[in-house]
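Trainee: CSV, C-alpha atoms, saved as start-v5.csv, coming up:
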```csv
chain,number,residue,atom,x,y,z
A,1,MET,CA,0.0,0.0,0.0
A,2,THR,CA,1.4,3.4,-1.0
A,3,ASN,CA,-1.2,5.5,0.6
A,4,THR,CA,0.6,8.9,0.1
A,5,LEU,CA,2.9,8.1,-2.8
A,6,HIS,CA,0.5,9.0,-5.7
A,7,ARG,CA,-0.7,12.4,-4.5
A,8,PHE,CA,-1.6,14.4,-7.5
A,9,GLY,CA,0.4,17.5,-8.4
A,10,ASP,CA,3.9,18.7,-9.5
A,11,ALA,CA,6.8,19.1,-7.1
A,12,GLU,CA,5.9,22.8,-6.5
A,13,SER,CA,2.4,21.8,-5.3
A,14,PHE,CA,4.0,19.8,-2.5
A,15,ARG,CA,5.6,22.9,-1.0
A,16,ASP,CA,3.1,22.7,1.9
A,17,ASP,CA,2.9,18.9,2.0
A,18,PHE,CA,5.3,16.8,4.1
A,19,VAL,CA,4.1,13.5,5.4
A,20,ILE,CA,6.4,11.7,7.8
A,21,PHE,CA,5.7,8.1,8.8
A,22,ALA,CA,7.0,5.9,11.5
A,23,ILE,CA,6.5,2.2,11.4
A,24,ALA,CA,7.9,-0.9,13.2
A,25,SER,CA,8.6,-4.1,11.3
A,26,LYS,CA,6.8,-7.2,12.6
A,27,GLY,CA,9.2,-9.6,14.1
A,28,THR,CA,12.1,-7.3,13.7
A,29,ASN,CA,11.6,-4.3,15.9
A,30,ASP,CA,7.9,-4.3,16.9
A,31,LYS,CA,8.6,-5.4,20.5
A,32,ASP,CA,8.1,-2.4,22.8
A,33,SER,CA,7.4,-0.2,19.7
A,34,LEU,CA,4.2,1.2,21.1
A,35,PRO,CA,5.8,3.7,23.5
A,36,LYS,CA,8.3,4.6,20.7
A,37,LEU,CA,5.5,5.3,18.2
A,38,ARG,CA,3.7,7.4,20.9
A,39,ARG,CA,6.9,9.3,21.4
A,40,PHE,CA,7.1,9.9,17.7
A,41,LEU,CA,3.6,11.5,17.8
A,42,GLU,CA,4.3,13.5,20.9
A,43,ILE,CA,7.5,15.0,19.4
A,44,ALA,CA,5.6,15.7,16.1
A,45,ALA,CA,3.0,17.6,18.1
A,46,GLU,CA,5.7,20.0,19.3
A,47,TYR,CA,6.4,21.0,15.7
A,48,LYS,CA,2.9,22.2,14.9
A,49,PRO,CA,1.7,19.6,12.4
A,50,VAL,CA,-1.5,20.1,10.4
A,51,ASN,CA,-2.5,16.5,10.9
A,52,LEU,CA,-1.5,13.6,13.1
A,53,GLY,CA,-2.8,10.1,12.9
A,54,ASP,CA,-2.4,6.4,13.1
A,55,ALA,CA,-3.6,3.8,10.7
A,56,ARG,CA,-6.0,2.1,13.2
A,57,HIS,CA,-7.9,5.1,14.5
A,58,GLY,CA,-7.5,7.9,11.9
A,59,GLY,CA,-6.4,11.5,12.1
A,60,ALA,CA,-6.9,14.5,14.3
A,61,LEU,CA,-10.4,15.0,12.8
A,62,ARG,CA,-12.5,11.9,13.1
A,63,PRO,CA,-16.0,10.8,12.3
A,64,SER,CA,-18.6,10.5,15.0
A,65,LYS,CA,-21.5,8.0,15.5
A,66,SER,CA,-23.6,10.4,17.4
A,67,MET,CA,-24.5,13.1,14.9
A,68,ASN,CA,-27.5,15.0,13.6
A,69,PRO,CA,-28.0,17.4,10.7
A,70,MET,CA,-27.3,20.4,13.0
A,71,ALA,CA,-23.7,19.3,13.2
A,72,HIS,CA,-23.1,21.1,9.9
A,73,TRP,CA,-23.4,24.4,11.7
A,74,ASN,CA,-21.9,23.8,15.2
A,75,ARG,CA,-19.4,21.1,14.9
A,76,ASP,CA,-15.9,21.6,16.3
A,77,ILE,CA,-13.5,21.7,13.4
A,78,GLN,CA,-10.3,22.0,15.5
A,79,PRO,CA,-7.9,19.0,15.2
A,80,ASP,CA,-7.4,17.1,18.4
A,81,PHE,CA,-3.8,16.0,18.5
A,82,ALA,CA,-3.9,14.9,22.1
A,83,ALA,CA,-6.7,12.4,21.3
A,84,VAL,CA,-4.5,10.8,18.6
A,85,ILE,CA,-1.6,10.4,21.0
A,86,ALA,CA,-3.8,9.1,23.8
A,87,GLY,CA,-5.7,6.8,21.5
A,88,LEU,CA,-2.7,4.9,20.1
A,89,ASP,CA,-3.1,1.5,21.6
A,90,HIS,CA,-1.4,-0.9,19.2
A,91,PRO,CA,1.7,-0.8,17.0
A,92,THR,CA,0.7,0.5,13.6
A,93,THR,CA,1.8,3.1,11.1
A,94,CYS,CA,1.9,6.6,12.6
A,95,ALA,CA,2.0,9.8,10.5
A,96,ALA,CA,2.7,13.4,11.0
A,97,VAL,CA,1.7,16.0,8.3
A,98,PHE,CA,3.4,19.4,8.1
A,99,ASP,CA,2.6,22.3,5.9
A,100,ASN,CA,6.1,23.8,5.8
A,101,LYS,CA,9.6,22.6,5.1
A,102,VAL,CA,11.2,24.2,8.1
A,103,ALA,CA,9.0,22.2,10.5
A,104,ALA,CA,9.6,19.0,8.6
A,105,GLU,CA,13.3,19.5,8.6
A,106,ASP,CA,13.5,20.3,12.3
A,107,PHE,CA,11.2,17.3,13.1
A,108,VAL,CA,13.4,14.9,11.1
A,109,SER,CA,16.5,16.2,12.8
A,110,ARG,CA,14.9,15.7,16.2
A,111,ILE,CA,13.7,12.2,15.3
A,112,ARG,CA,17.2,11.3,14.3
A,113,LYS,CA,18.5,12.5,17.7
A,114,GLU,CA,15.8,10.6,19.5
A,115,ASP,CA,17.1,7.4,17.9
A,116,LEU,CA,13.8,5.5,18.3
A,117,GLY,CA,14.9,2.7,16.0
A,118,LEU,CA,11.7,2.9,14.0
A,119,SER,CA,11.6,3.0,10.2
A,120,ILE,CA,11.0,6.6,9.1
A,121,ASN,CA,9.7,7.6,5.7
A,122,ILE,CA,9.2,11.1,4.2
A,123,SER,CA,6.5,11.4,1.5
A,124,THR,CA,6.8,14.7,-0.3
A,125,SER,CA,8.6,16.1,-3.4
A,126,ILE,CA,11.9,14.4,-4.1
A,127,ASP,CA,13.8,17.7,-3.4
A,128,GLY,CA,11.8,18.3,-0.3
A,129,ALA,CA,12.7,15.0,1.2
A,130,GLU,CA,16.4,15.4,0.2
A,131,GLN,CA,16.5,18.7,1.9
A,132,CYS,CA,15.0,17.2,5.1
A,133,CYS,CA,17.7,14.5,5.0
A,134,HIS,CA,20.4,17.0,4.3
A,135,HIS,CA,19.3,19.1,7.2
A,136,ALA,CA,19.4,16.1,9.5
A,137,CYS,CA,22.7,14.9,8.0
A,138,ILE,CA,21.2,11.6,6.9
A,139,PRO,CA,21.9,9.9,3.6
A,140,ARG,CA,18.7,8.6,2.0
A,141,HIS,CA,18.4,4.8,2.4
A,142,SER,CA,15.9,4.1,-0.5
A,143,VAL,CA,13.4,5.9,-2.6
A,144,GLY,CA,10.0,4.9,-4.0
A,145,TYR,CA,9.2,7.2,-7.0
A,146,SER,CA,5.7,8.0,-8.1
A,147,LEU,CA,5.5,8.0,-11.9
A,148,GLY,CA,2.0,9.5,-12.0
A,149,PHE,CA,-1.1,8.3,-13.6
A,150,GLU,CA,-1.3,6.6,-17.0
A,151,GLY,CA,-3.9,4.9,-19.2
A,152,SER,CA,-7.3,6.5,-19.9
A,153,VAL,CA,-6.5,9.6,-17.9
A,154,GLU,CA,-9.2,11.5,-19.9
A,155,LYS,CA,-11.7,9.7,-17.6
A,156,LEU,CA,-10.2,11.4,-14.5
A,157,PRO,CA,-11.9,14.4,-12.9
A,158,SER,CA,-10.3,17.9,-12.7
A,159,SER,CA,-6.9,18.5,-11.3
A,160,GLN,CA,-8.4,20.2,-8.2
A,161,VAL,CA,-10.6,17.2,-7.5
A,162,MET,CA,-7.6,14.8,-8.0
A,163,THR,CA,-5.4,16.9,-5.7
A,164,LEU,CA,-8.0,16.7,-3.0
A,165,SER,CA,-9.1,13.0,-3.3
A,166,THR,CA,-5.6,11.6,-3.7
A,167,MET,CA,-4.6,13.1,-0.3
A,168,CYS,CA,-6.3,10.0,1.1
A,169,GLY,CA,-4.5,7.2,-0.7
A,170,HIS,CA,-7.0,4.6,0.7
A,171,GLY,CA,-9.6,6.2,-1.5
A,172,MET,CA,-11.8,7.4,1.4
A,173,VAL,CA,-12.2,10.9,0.0
A,174,SER,CA,-14.2,10.2,-3.1
A,175,HIS,CA,-14.0,12.2,-6.3
A,176,SER,CA,-17.7,13.1,-5.9
A,177,LEU,CA,-17.2,14.4,-2.4
A,178,ALA,CA,-14.2,16.4,-3.4
A,179,LYS,CA,-16.0,17.9,-6.4
A,180,LYS,CA,-19.0,18.7,-4.1
A,181,MET,CA,-16.7,20.5,-1.7
A,182,VAL,CA,-15.1,22.5,-4.4
A,183,ASP,CA,-18.5,23.5,-5.7
A,184,TRP,CA,-19.9,24.4,-2.3
A,185,VAL,CA,-16.9,26.6,-1.5
A,186,LYS,CA,-17.2,28.3,-4.8
A,187,GLU,CA,-20.9,28.9,-4.2
A,188,GLY,CA,-20.2,30.3,-0.8
A,189,ARG,CA,-22.2,27.5,0.9
A,190,ARG,CA,-19.3,26.4,3.0
A,191,THR,CA,-16.0,28.0,4.1
A,192,PRO,CA,-12.8,26.3,3.0
A,193,GLU,CA,-12.2,25.3,6.6
A,194,GLN,CA,-15.5,23.6,6.9
A,195,ALA,CA,-15.1,21.8,3.6
A,196,VAL,CA,-11.7,20.6,4.5
A,197,SER,CA,-12.9,19.3,7.9
A,198,TYR,CA,-15.6,17.2,6.1
A,199,MET,CA,-13.0,15.6,3.8
A,200,ALA,CA,-10.4,15.1,6.5
A,201,ARG,CA,-12.8,13.0,8.7
A,202,PHE,CA,-13.0,10.4,6.0
A,203,CYS,CA,-9.3,9.8,5.9
A,204,SER,CA,-8.8,6.6,7.9
A,205,CYS,CA,-5.1,7.0,8.7
A,206,GLY,CA,-4.6,10.7,9.3
A,207,VAL,CA,-2.5,11.7,6.3
A,208,PHE,CA,-5.0,14.1,4.7
A,209,ASN,CA,-3.3,17.5,4.6
A,210,PRO,CA,-5.9,20.2,5.6
A,211,ALA,CA,-3.6,23.1,4.8
A,212,ARG,CA,-2.9,22.0,1.3
A,213,ALA,CA,-6.6,21.2,0.8
A,214,LYS,CA,-7.6,24.7,2.0
A,215,ARG,CA,-5.1,26.2,-0.4
A,216,VAL,CA,-6.5,24.1,-3.3
A,217,LEU,CA,-10.1,25.3,-2.4
A,218,ALA,CA,-9.0,28.9,-2.1
A,219,GLU,CA,-7.3,28.6,-5.6
A,220,ALA,CA,-10.5,27.1,-7.0
A,221,VAL,CA,-12.5,30.1,-5.8
A,222,SER,CA,-10.0,32.6,-7.0
A,223,GLN,CA,-9.6,31.0,-10.4
A,224,GLY,CA,-13.4,30.4,-10.8
A,225,ALA,CA,-12.5,27.2,-12.5
A,226,ILE,CA,-15.2,24.6,-13.4
A,227,SER,CA,-14.6,21.4,-11.5
A,228,GLN,CA,-14.9,19.2,-14.5
A,229,GLY,CA,-12.6,18.0,-17.2
A,230,ALA,CA,-9.5,15.8,-17.4
A,231,PRO,CA,-6.3,16.9,-15.8
A,232,ASN,CA,-2.8,16.6,-17.3
A,233,ALA,CA,-2.3,13.4,-15.4
A,234,LYS,CA,1.2,12.3,-16.2
B,1,MET,CA,1.3,-0.7,-22.6
B,2,GLU,CA,-0.4,2.1,-20.8
B,3,LYS,CA,-1.8,3.5,-24.0
B,4,LYS,CA,-3.8,0.4,-24.6
B,5,LEU,CA,-5.4,0.4,-21.1
B,6,LYS,CA,-9.1,1.2,-20.7
B,7,THR,CA,-8.6,2.2,-17.1
B,8,VAL,CA,-6.2,4.4,-15.1
B,9,ILE,CA,-3.2,3.1,-13.3
B,10,ALA,CA,-0.7,4.6,-11.0
B,11,LEU,CA,2.9,3.6,-11.5
B,12,GLY,CA,5.7,3.5,-8.9
B,13,VAL,CA,9.3,2.4,-8.9
B,14,GLY,CA,11.5,1.8,-5.8
B,15,THR,CA,15.2,1.6,-5.5
B,16,ARG,CA,18.0,1.5,-3.0
B,17,CYS,CA,20.3,4.5,-2.7
B,18,ASP,CA,24.1,4.3,-2.5
B,19,GLU,CA,26.1,5.0,0.7
B,20,LYS,CA,25.9,8.8,-0.1
B,21,GLY,CA,22.1,8.7,-0.4
B,22,GLU,CA,22.2,9.1,-4.1
B,23,ASP,CA,20.2,7.2,-6.7
B,24,THR,CA,22.5,7.1,-9.8
B,25,VAL,CA,20.9,4.0,-11.4
B,26,VAL,CA,17.1,4.1,-11.6
B,27,ALA,CA,16.4,7.9,-11.7
B,28,PRO,CA,18.5,8.4,-14.9
B,29,ILE,CA,16.7,5.5,-16.6
B,30,LEU,CA,13.2,6.9,-15.7
B,31,GLU,CA,14.2,10.4,-16.9
B,32,ARG,CA,15.5,8.9,-20.1
B,33,LEU,CA,12.1,7.2,-20.6
B,34,GLY,CA,10.5,10.6,-20.3
B,35,TYR,CA,9.2,10.6,-16.7
B,36,LYS,CA,9.5,13.8,-14.8
B,37,LEU,CA,10.2,12.7,-11.2
B,38,GLU,CA,8.2,14.9,-8.8
B,39,ARG,CA,7.2,12.9,-5.8
B,40,ALA,CA,8.6,10.0,-3.8
B,41,LYS,CA,8.5,8.2,-0.5
B,42,THR,CA,12.0,8.4,0.9
B,43,ASN,CA,13.2,6.0,3.6
B,44,ILE,CA,15.8,7.7,5.7
B,45,GLY,CA,17.2,4.5,7.1
B,46,LEU,CA,16.7,5.0,10.8
B,47,GLY,CA,15.0,1.6,11.3
B,48,ARG,CA,17.0,-0.8,13.4
B,49,ALA,CA,16.4,-4.5,14.4
B,50,SER,CA,15.7,-4.7,18.1
B,51,ARG,CA,15.8,-8.4,18.3
B,52,PRO,CA,18.1,-10.9,16.6
B,53,LEU,CA,17.1,-11.8,13.1
B,54,GLU,CA,16.1,-15.4,12.9
B,55,THR,CA,18.2,-17.5,10.7
B,56,PRO,CA,16.1,-19.8,8.5
B,57,ALA,CA,16.3,-23.4,9.4
B,58,ARG,CA,18.6,-25.3,7.0
B,59,GLU,CA,17.0,-27.9,4.9
B,60,THR,CA,18.7,-30.7,3.2
B,61,VAL,CA,17.7,-31.1,-0.4
B,62,ASN,CA,16.8,-34.5,-1.8
B,63,ALA,CA,17.5,-36.1,1.6
```
Once more with this new file: its structure as structure tokens, please.

Mentor:
Amino acid sequence: MTNTLHRFGDAESFRDDFVIFAIASKGTNDKDSLPKLRRFLEIAAEYKPVNLGDARHGGALRPSKSMNPMAHWNRDIQPDFAAVIAGLDHPTTCAAVFDNKVAAEDFVSRIRKEDLGLSINISTSIDGAEQCCHHACIPRHSVGYSLGFEGSVEKLPSSQVMTLSTMCGHGMVSHSLAKKMVDWVKEGRRTPEQAVSYMARFCSCGVFNPARAKRVLAEAVSQGAISQGAPNAK
Amino acid sequence: MEKKLKTVIALGVGTRCDEKGEDTVVAPILERLGYKLERAKTNIGLGRASRPLETPARETVNA
């Protein structure tokens, strides 16, 4: 599963998108990994992430089973990082999402000093990850490149919709929902913050980037673009 | 092949970096094929085995 590898966009569009993962390997270093993963999340919270999550419970904005239609107008849309840290109860993939390179670089340097022994991955532009490694004086171990989308790309929705929906690599932010959010924000029916919080709650592992999504929605409004048509997918 | 597909696929390629953290093998090939490399997942190599790796049991062939 490469749940953040194929985010849609060029390298420049990832200037506010740095996803940093920690994971233990079953049978290799998973013993006593739970406190280390929790430590990873605690440290990440110090560097002002825009999302924090684990693959079992989701991100800092989560769905609720006790809702009614009034929730659209009074729901708290502030991320709850403390709940993510407190809720981690099993070794799993943990992720921290940052919207700026400085925070990502400082966090990677700190994680290196903490020496948790967990596998750490950075998912962002190739240059962005290289700069994080350079800042922390770490040579890259290995790289998994995204080569983009191919085939019948004319069937894909607009680049704005693709940018939003591929921020959940598990496919939990559907094209239709993303398109609806773009349209609602353009029509003034929801603020970008509200629309972003709707989408983020569907992401099951907490890697959705609310800051980048908000920028995309703001750009959609300013461009007045129609949310239909095929993107330049490759 | 991708031009014949009636669906959409996402392609990815992974490789090990050298001791300096450089990929001098796969990236040049991909660029030569026309791919513009924009995004990647980068493993920074901090993982460490905390328990001894088990050695597979030896089996005698044709015993």

Trainee: Taking into account all atoms listed in the file, which residue in the set A:Gln160, A:His141, A:Glu150, A:Arg190 is nearest to Thr15 of chain B?

Mentor: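 When distances to Thr15 of chain B are compared using all atoms listed in the file, the smallest one comes from A:His141.
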
Trainee: For a quick test of understanding: name the residues of chain A lying within 6 Å of chain B when counting only C-alpha atoms, and present them as a VMD selection string.

Mentor: chain A and resid 10 to 11 28 to 29 117 to 126 139 to 153

Trainee: Distance atom CA of His6 of chain A-atom CA of Pro192 of chain A, one decimal place?

Mentor: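 A separation of 23.5 Å between them.
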
Trainee: Quick one: pull the distance between atom CA of Arg189 of chain A and atom CA of Lys65 of chain A, Å, one decimal.

Mentor: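 Distance between the two atoms: 24.4 Å.
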
Trainee: Would you work out the distance separating atom CA of Asn51 of chain A from atom CA of Val97 of chain A, expressed in Å to one decimal?

Mentor: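 Distance between the two atoms: 5.0 Å.
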